[in-house]
Amino acid sequence: MKVILLQDVKNIGKRDDIVNISDGYARNFLFPKKLAMEAKPGAMKEVERKRAAEAAREAERRAEAEEKARQLKDKGVTLAVKCGDKGRLYGSVTTAEIAEELEKQYGIKIDKKKIELSEPIKQVGDVTMSVWLYSGITTPMVVHVVPLAK
């Protein structure tokens, strides 16, 4: 029997999958628990319409992320911070500060969790970071850490 899963079912499939299972399993387990419904032609068209709409939203999100990556590529962020005489910082530069500066300098809002630093920034100078924008889309950027003018 062909059924459309209404929720994820372990070892069977994910939501909106059309699977072929035994009649007894469907009637005695999946249907009473509202985990699946019979795959009728109208319901199958509805599932295909949902998949097409989700694919369109996915393509839109990916295009938006690629546009952000193109805007940020080969750009740098300049941060003025307090530091000692030899360029050693009082504390370190956080990803939240970098995200805030990105928004100030370029008007692009990036979540602080999407910024990846190879090591904490505790020294004045240039540091390379990568910004994760979407699945498979990252862009490298440079953080220019300069001493705060006294």
# chains A, B, ... in the order shown; residues from 1 in each chain; ligands from 1

call {"tool": "select_by_dssp", "arguments": {"residues": "chain A", "states": "alpha helix (DSSP H)", "output": "mmCIF file with N, CA and C atoms, in the first residue's frame"}}
result
data_model
loop_
_atom_site.group_PDB
_atom_site.id
_atom_site.type_symbol
_atom_site.label_atom_id
_atom_site.label_comp_id
_atom_site.auth_asym_id
_atom_site.auth_seq_id
_atom_site.Cartn_x
_atom_site.Cartn_y
_atom_site.Cartn_z
ATOM 1 N N ASP A 23 -0.042 -3.440 4.089
ATOM 2 C CA ASP A 23 -1.384 -2.959 4.423
ATOM 3 C C ASP A 23 -1.637 -2.978 5.930
ATOM 4 N N GLY A 24 -1.263 -4.049 6.586
ATOM 5 C CA GLY A 24 -1.507 -4.193 8.022
ATOM 6 C C GLY A 24 -0.781 -3.148 8.833
ATOM 7 N N TYR A 25 0.476 -2.856 8.492
ATOM 8 C CA TYR A 25 1.256 -1.850 9.209
ATOM 9 C C TYR A 25 0.590 -0.481 9.057
ATOM 10 N N PRO A 41 -4.549 10.179 -5.536
ATOM 11 C CA PRO A 41 -3.996 11.101 -6.541
ATOM 12 C C PRO A 41 -4.029 12.582 -6.120
ATOM 13 N N GLY A 42 -5.105 13.024 -5.505
ATOM 14 C CA GLY A 42 -5.196 14.419 -5.060
ATOM 15 C C GLY A 42 -4.166 14.749 -3.993
ATOM 16 N N ALA A 43 -3.985 13.835 -3.053
ATOM 17 C CA ALA A 43 -3.011 14.045 -1.971
ATOM 18 C C ALA A 43 -1.586 14.028 -2.526
ATOM 19 N N MET A 44 -1.338 13.175 -3.522
ATOM 20 C CA MET A 44 0.003 13.112 -4.115
ATOM 21 C C MET A 44 0.331 14.409 -4.853
ATOM 22 N N LYS A 45 -0.673 15.010 -5.518
ATOM 23 C CA LYS A 45 -0.462 16.289 -6.196
ATOM 24 C C LYS A 45 -0.154 17.384 -5.170
ATOM 25 N N GLU A 46 -0.837 17.345 -4.043
ATOM 26 C CA GLU A 46 -0.603 18.322 -2.981
ATOM 27 C C GLU A 46 0.825 18.213 -2.443
ATOM 28 N N VAL A 47 1.305 16.991 -2.256
ATOM 29 C CA VAL A 47 2.677 16.771 -1.784
ATOM 30 C C VAL A 47 3.672 17.313 -2.806
ATOM 31 N N GLU A 48 3.440 17.062 -4.075
ATOM 32 C CA GLU A 48 4.333 17.562 -5.123
ATOM 33 C C GLU A 48 4.321 19.089 -5.160
ATOM 34 N N ARG A 49 3.147 19.690 -4.943
ATOM 35 C CA ARG A 49 3.065 21.147 -4.911
ATOM 36 C C ARG A 49 3.869 21.707 -3.733
ATOM 37 N N LYS A 50 3.778 21.045 -2.566
ATOM 38 C CA LYS A 50 4.551 21.465 -1.388
ATOM 39 C C LYS A 50 6.048 21.365 -1.653
ATOM 40 N N ARG A 51 6.452 20.267 -2.293
ATOM 41 C CA ARG A 51 7.878 20.078 -2.596
ATOM 42 C C ARG A 51 8.382 21.153 -3.547
ATOM 43 N N ALA A 52 7.587 21.489 -4.550
ATOM 44 C CA ALA A 52 7.984 22.525 -5.506
ATOM 45 C C ALA A 52 8.102 23.884 -4.818
ATOM 46 N N ALA A 53 7.163 24.188 -3.923
ATOM 47 C CA ALA A 53 7.212 25.456 -3.197
ATOM 48 C C ALA A 53 8.438 25.511 -2.292
ATOM 49 N N GLU A 54 8.750 24.409 -1.621
ATOM 50 C CA GLU A 54 9.930 24.358 -0.745
ATOM 51 C C GLU A 54 11.216 24.496 -1.565
ATOM 52 N N ALA A 55 11.254 23.879 -2.737
ATOM 53 C CA ALA A 55 12.428 23.993 -3.611
ATOM 54 C C ALA A 55 12.614 25.439 -4.066
ATOM 55 N N ALA A 56 11.524 26.129 -4.342
ATOM 56 C CA ALA A 56 11.611 27.535 -4.751
ATOM 57 C C ALA A 56 12.127 28.396 -3.598
ATOM 58 N N ARG A 57 11.633 28.149 -2.375
ATOM 59 C CA ARG A 57 12.124 28.904 -1.208
ATOM 60 C C ARG A 57 13.602 28.615 -0.974
ATOM 61 N N GLU A 58 13.998 27.367 -1.125
ATOM 62 C CA GLU A 58 15.398 26.979 -0.950
ATOM 63 C C GLU A 58 16.286 27.699 -1.968
ATOM 64 N N ALA A 59 15.846 27.753 -3.214
ATOM 65 C CA ALA A 59 16.622 28.434 -4.259
ATOM 66 C C ALA A 59 16.732 29.928 -3.962
ATOM 67 N N GLU A 60 15.672 30.512 -3.436
ATOM 68 C CA GLU A 60 15.690 31.932 -3.089
ATOM 69 C C GLU A 60 16.674 32.204 -1.949
ATOM 70 N N ARG A 61 16.660 31.340 -0.918
ATOM 71 C CA ARG A 61 17.598 31.511 0.205
ATOM 72 C C ARG A 61 19.039 31.342 -0.264
ATOM 73 N N ARG A 62 19.276 30.382 -1.146
ATOM 74 C CA ARG A 62 20.621 30.143 -1.662
ATOM 75 C C ARG A 62 21.090 31.334 -2.490
ATOM 76 N N ALA A 63 20.221 31.884 -3.335
ATOM 77 C CA ALA A 63 20.577 33.043 -4.157
ATOM 78 C C ALA A 63 20.890 34.254 -3.284
ATOM 79 N N GLU A 64 20.115 34.429 -2.220
ATOM 80 C CA GLU A 64 20.354 35.536 -1.294
ATOM 81 C C GLU A 64 21.714 35.381 -0.609
ATOM 82 N N ALA A 65 22.046 34.167 -0.204
ATOM 83 C CA ALA A 65 23.336 33.910 0.443
ATOM 84 C C ALA A 65 24.484 34.121 -0.546
ATOM 85 N N GLU A 66 24.310 33.704 -1.789
ATOM 86 C CA GLU A 66 25.357 33.907 -2.796
ATOM 87 C C GLU A 66 25.560 35.394 -3.074
ATOM 88 N N GLU A 67 24.485 36.164 -3.048
ATOM 89 C CA GLU A 67 24.591 37.612 -3.237
ATOM 90 C C GLU A 67 25.376 38.237 -2.088
ATOM 91 N N LYS A 68 25.079 37.830 -0.850
ATOM 92 C CA LYS A 68 25.834 38.333 0.311
ATOM 93 C C LYS A 68 27.300 37.953 0.198
ATOM 94 N N ALA A 69 27.575 36.714 -0.228
ATOM 95 C CA ALA A 69 28.958 36.257 -0.376
ATOM 96 C C ALA A 69 29.687 37.097 -1.420
ATOM 97 N N ARG A 70 29.010 37.423 -2.508
ATOM 98 C CA ARG A 70 29.618 38.238 -3.555
ATOM 99 C C ARG A 70 29.917 39.642 -3.029
ATOM 100 N N GLN A 71 29.008 40.191 -2.202
ATOM 101 C CA GLN A 71 29.219 41.522 -1.645
ATOM 102 C C GLN A 71 30.380 41.546 -0.651
ATOM 103 N N LEU A 72 30.533 40.483 0.125
ATOM 104 C CA LEU A 72 31.554 40.454 1.179
ATOM 105 C C LEU A 72 32.915 39.956 0.703
ATOM 106 N N THR A 95 33.312 37.517 18.173
ATOM 107 C CA THR A 95 32.558 37.440 16.919
ATOM 108 C C THR A 95 31.369 38.401 16.941
ATOM 109 N N ALA A 96 30.841 38.692 18.116
ATOM 110 C CA ALA A 96 29.736 39.651 18.229
ATOM 111 C C ALA A 96 30.196 41.046 17.806
ATOM 112 N N GLU A 97 31.403 41.428 18.206
ATOM 113 C CA GLU A 97 31.946 42.728 17.804
ATOM 114 C C GLU A 97 32.175 42.777 16.298
ATOM 115 N N ILE A 98 32.653 41.676 15.738
ATOM 116 C CA ILE A 98 32.881 41.614 14.295
ATOM 117 C C ILE A 98 31.552 41.716 13.546
ATOM 118 N N ALA A 99 30.528 41.005 14.014
ATOM 119 C CA ALA A 99 29.202 41.049 13.377
ATOM 120 C C ALA A 99 28.622 42.458 13.437
ATOM 121 N N GLU A 100 28.822 43.129 14.563
ATOM 122 C CA GLU A 100 28.332 44.496 14.728
ATOM 123 C C GLU A 100 29.025 45.443 13.741
ATOM 124 N N GLU A 101 30.337 45.289 13.590
ATOM 125 C CA GLU A 101 31.090 46.125 12.653
ATOM 126 C C GLU A 101 30.707 45.829 11.206
ATOM 127 N N LEU A 102 30.450 44.567 10.888
ATOM 128 C CA LEU A 102 29.997 44.216 9.533
ATOM 129 C C LEU A 102 28.711 44.957 9.200
ATOM 130 N N GLU A 103 27.807 45.005 10.160
ATOM 131 C CA GLU A 103 26.536 45.691 9.921
ATOM 132 C C GLU A 103 26.749 47.193 9.791
ATOM 133 N N LYS A 104 27.636 47.764 10.610
ATOM 134 C CA LYS A 104 27.908 49.196 10.537
ATOM 135 C C LYS A 104 28.577 49.573 9.216
ATOM 136 N N GLN A 105 29.599 48.793 8.820
ATOM 137 C CA GLN A 105 30.393 49.170 7.664
ATOM 138 C C GLN A 105 29.744 48.821 6.329
ATOM 139 N N TYR A 106 29.041 47.689 6.259
ATOM 140 C CA TYR A 106 28.490 47.235 4.979
ATOM 141 C C TYR A 106 26.975 47.108 4.969
#

call {"tool": "residues_around", "arguments": {"residues": "segment 113-127 of chain A", "least_positions_apart": "3", "cutoff": "9 Å", "atoms": "only C-alpha atoms", "output": "PyMOL selection string"}}
result
chain A and resi 81+83+86-96+98-99+110+130-133+141-147

call {"tool": "closest_residue", "arguments": {"among": "A:Val77, A:Met1, A:Ala149, A:Ala39", "to": "Arg27 of chain A", "atoms": "only C-alpha atoms"}}
result
A:Met1

call {"tool": "residues_around", "arguments": {"residues": "Ile4 of chain A", "least_positions_apart": "2", "cutoff": "8 Å", "atoms": "only C-alpha atoms", "output": "VMD selection string"}}
result
chain A and resid 2 6 15 to 19 36 to 39 44

call {"tool": "residues_around", "arguments": {"residues": "Ser22 of chain A", "least_positions_apart": "6", "cutoff": "12 Å", "atoms": "only C-alpha atoms", "output": "PyMOL selection string"}}
result
chain A and resi 1-3+12+28-30

call {"tool": "atom_distance", "arguments": {"atom1": "atom CA of Gly76 of chain A", "atom2": "atom CA of Asp111 of chain A"}}
result
16.9 Å

call {"tool": "atom_distance", "arguments": {"atom1": "atom CA of Lys73 of chain A", "atom2": "atom CA of Thr138 of chain A"}}
result
9.5 Å

call {"tool": "select_by_dssp", "arguments": {"residues": "segment 4-121 of chain A", "states": "strand (DSSP E)", "output": "VMD selection string"}}
result
chain A and resid 4 to 5 18 to 20 36 to 38 76 to 81 88 to 93 115 to 117 121

call {"tool": "atom_distance", "arguments": {"atom1": "atom CA of Gln7 of chain A", "atom2": "atom CA of Gly136 of chain A"}}
result
27.3 Å

call {"tool": "decode", "arguments": {"residues": "segment 120-133 of chain A", "atoms": "N, CA and C atoms", "output": "compact mmCIF listing (two decimals), in the first residue's frame"}}
result
# COMPACT_ATOMS: atom_id res chain seq x y z
N PRO A 120 41.42 32.93 18.76
CA PRO A 120 40.97 34.21 19.31
C PRO A 120 41.90 35.36 18.90
N ILE A 121 41.33 36.52 18.67
CA ILE A 121 42.13 37.69 18.28
C ILE A 121 42.55 38.43 19.54
N LYS A 122 43.85 38.38 19.85
CA LYS A 122 44.37 39.01 21.06
C LYS A 122 45.53 39.96 20.76
N GLN A 123 45.76 40.22 19.48
CA GLN A 123 46.90 41.02 19.05
C GLN A 123 46.44 41.97 17.94
N VAL A 124 47.05 43.14 17.87
CA VAL A 124 46.78 44.08 16.78
C VAL A 124 47.35 43.49 15.50
N GLY A 125 46.61 43.65 14.40
CA GLY A 125 47.08 43.14 13.10
C GLY A 125 45.90 42.64 12.27
N ASP A 126 46.25 41.92 11.21
CA ASP A 126 45.23 41.38 10.32
C ASP A 126 45.02 39.89 10.59
N VAL A 127 43.75 39.49 10.66
CA VAL A 127 43.39 38.09 10.91
C VAL A 127 42.37 37.68 9.86
N THR A 128 42.54 36.48 9.29
CA THR A 128 41.59 35.97 8.32
C THR A 128 40.51 35.19 9.04
N MET A 129 39.27 35.42 8.61
CA MET A 129 38.13 34.69 9.18
C MET A 129 37.27 34.22 8.03
N SER A 130 36.36 33.31 8.32
CA SER A 130 35.41 32.92 7.28
C SER A 130 34.00 33.14 7.81
N VAL A 131 33.13 33.57 6.92
CA VAL A 131 31.74 33.83 7.27
C VAL A 131 30.89 32.77 6.58
N TRP A 132 30.18 31.99 7.38
CA TRP A 132 29.30 30.93 6.87
C TRP A 132 27.95 31.56 6.60
N LEU A 133 27.52 31.55 5.32
CA LEU A 133 26.27 32.20 4.96
C LEU A 133 25.13 31.23 4.74
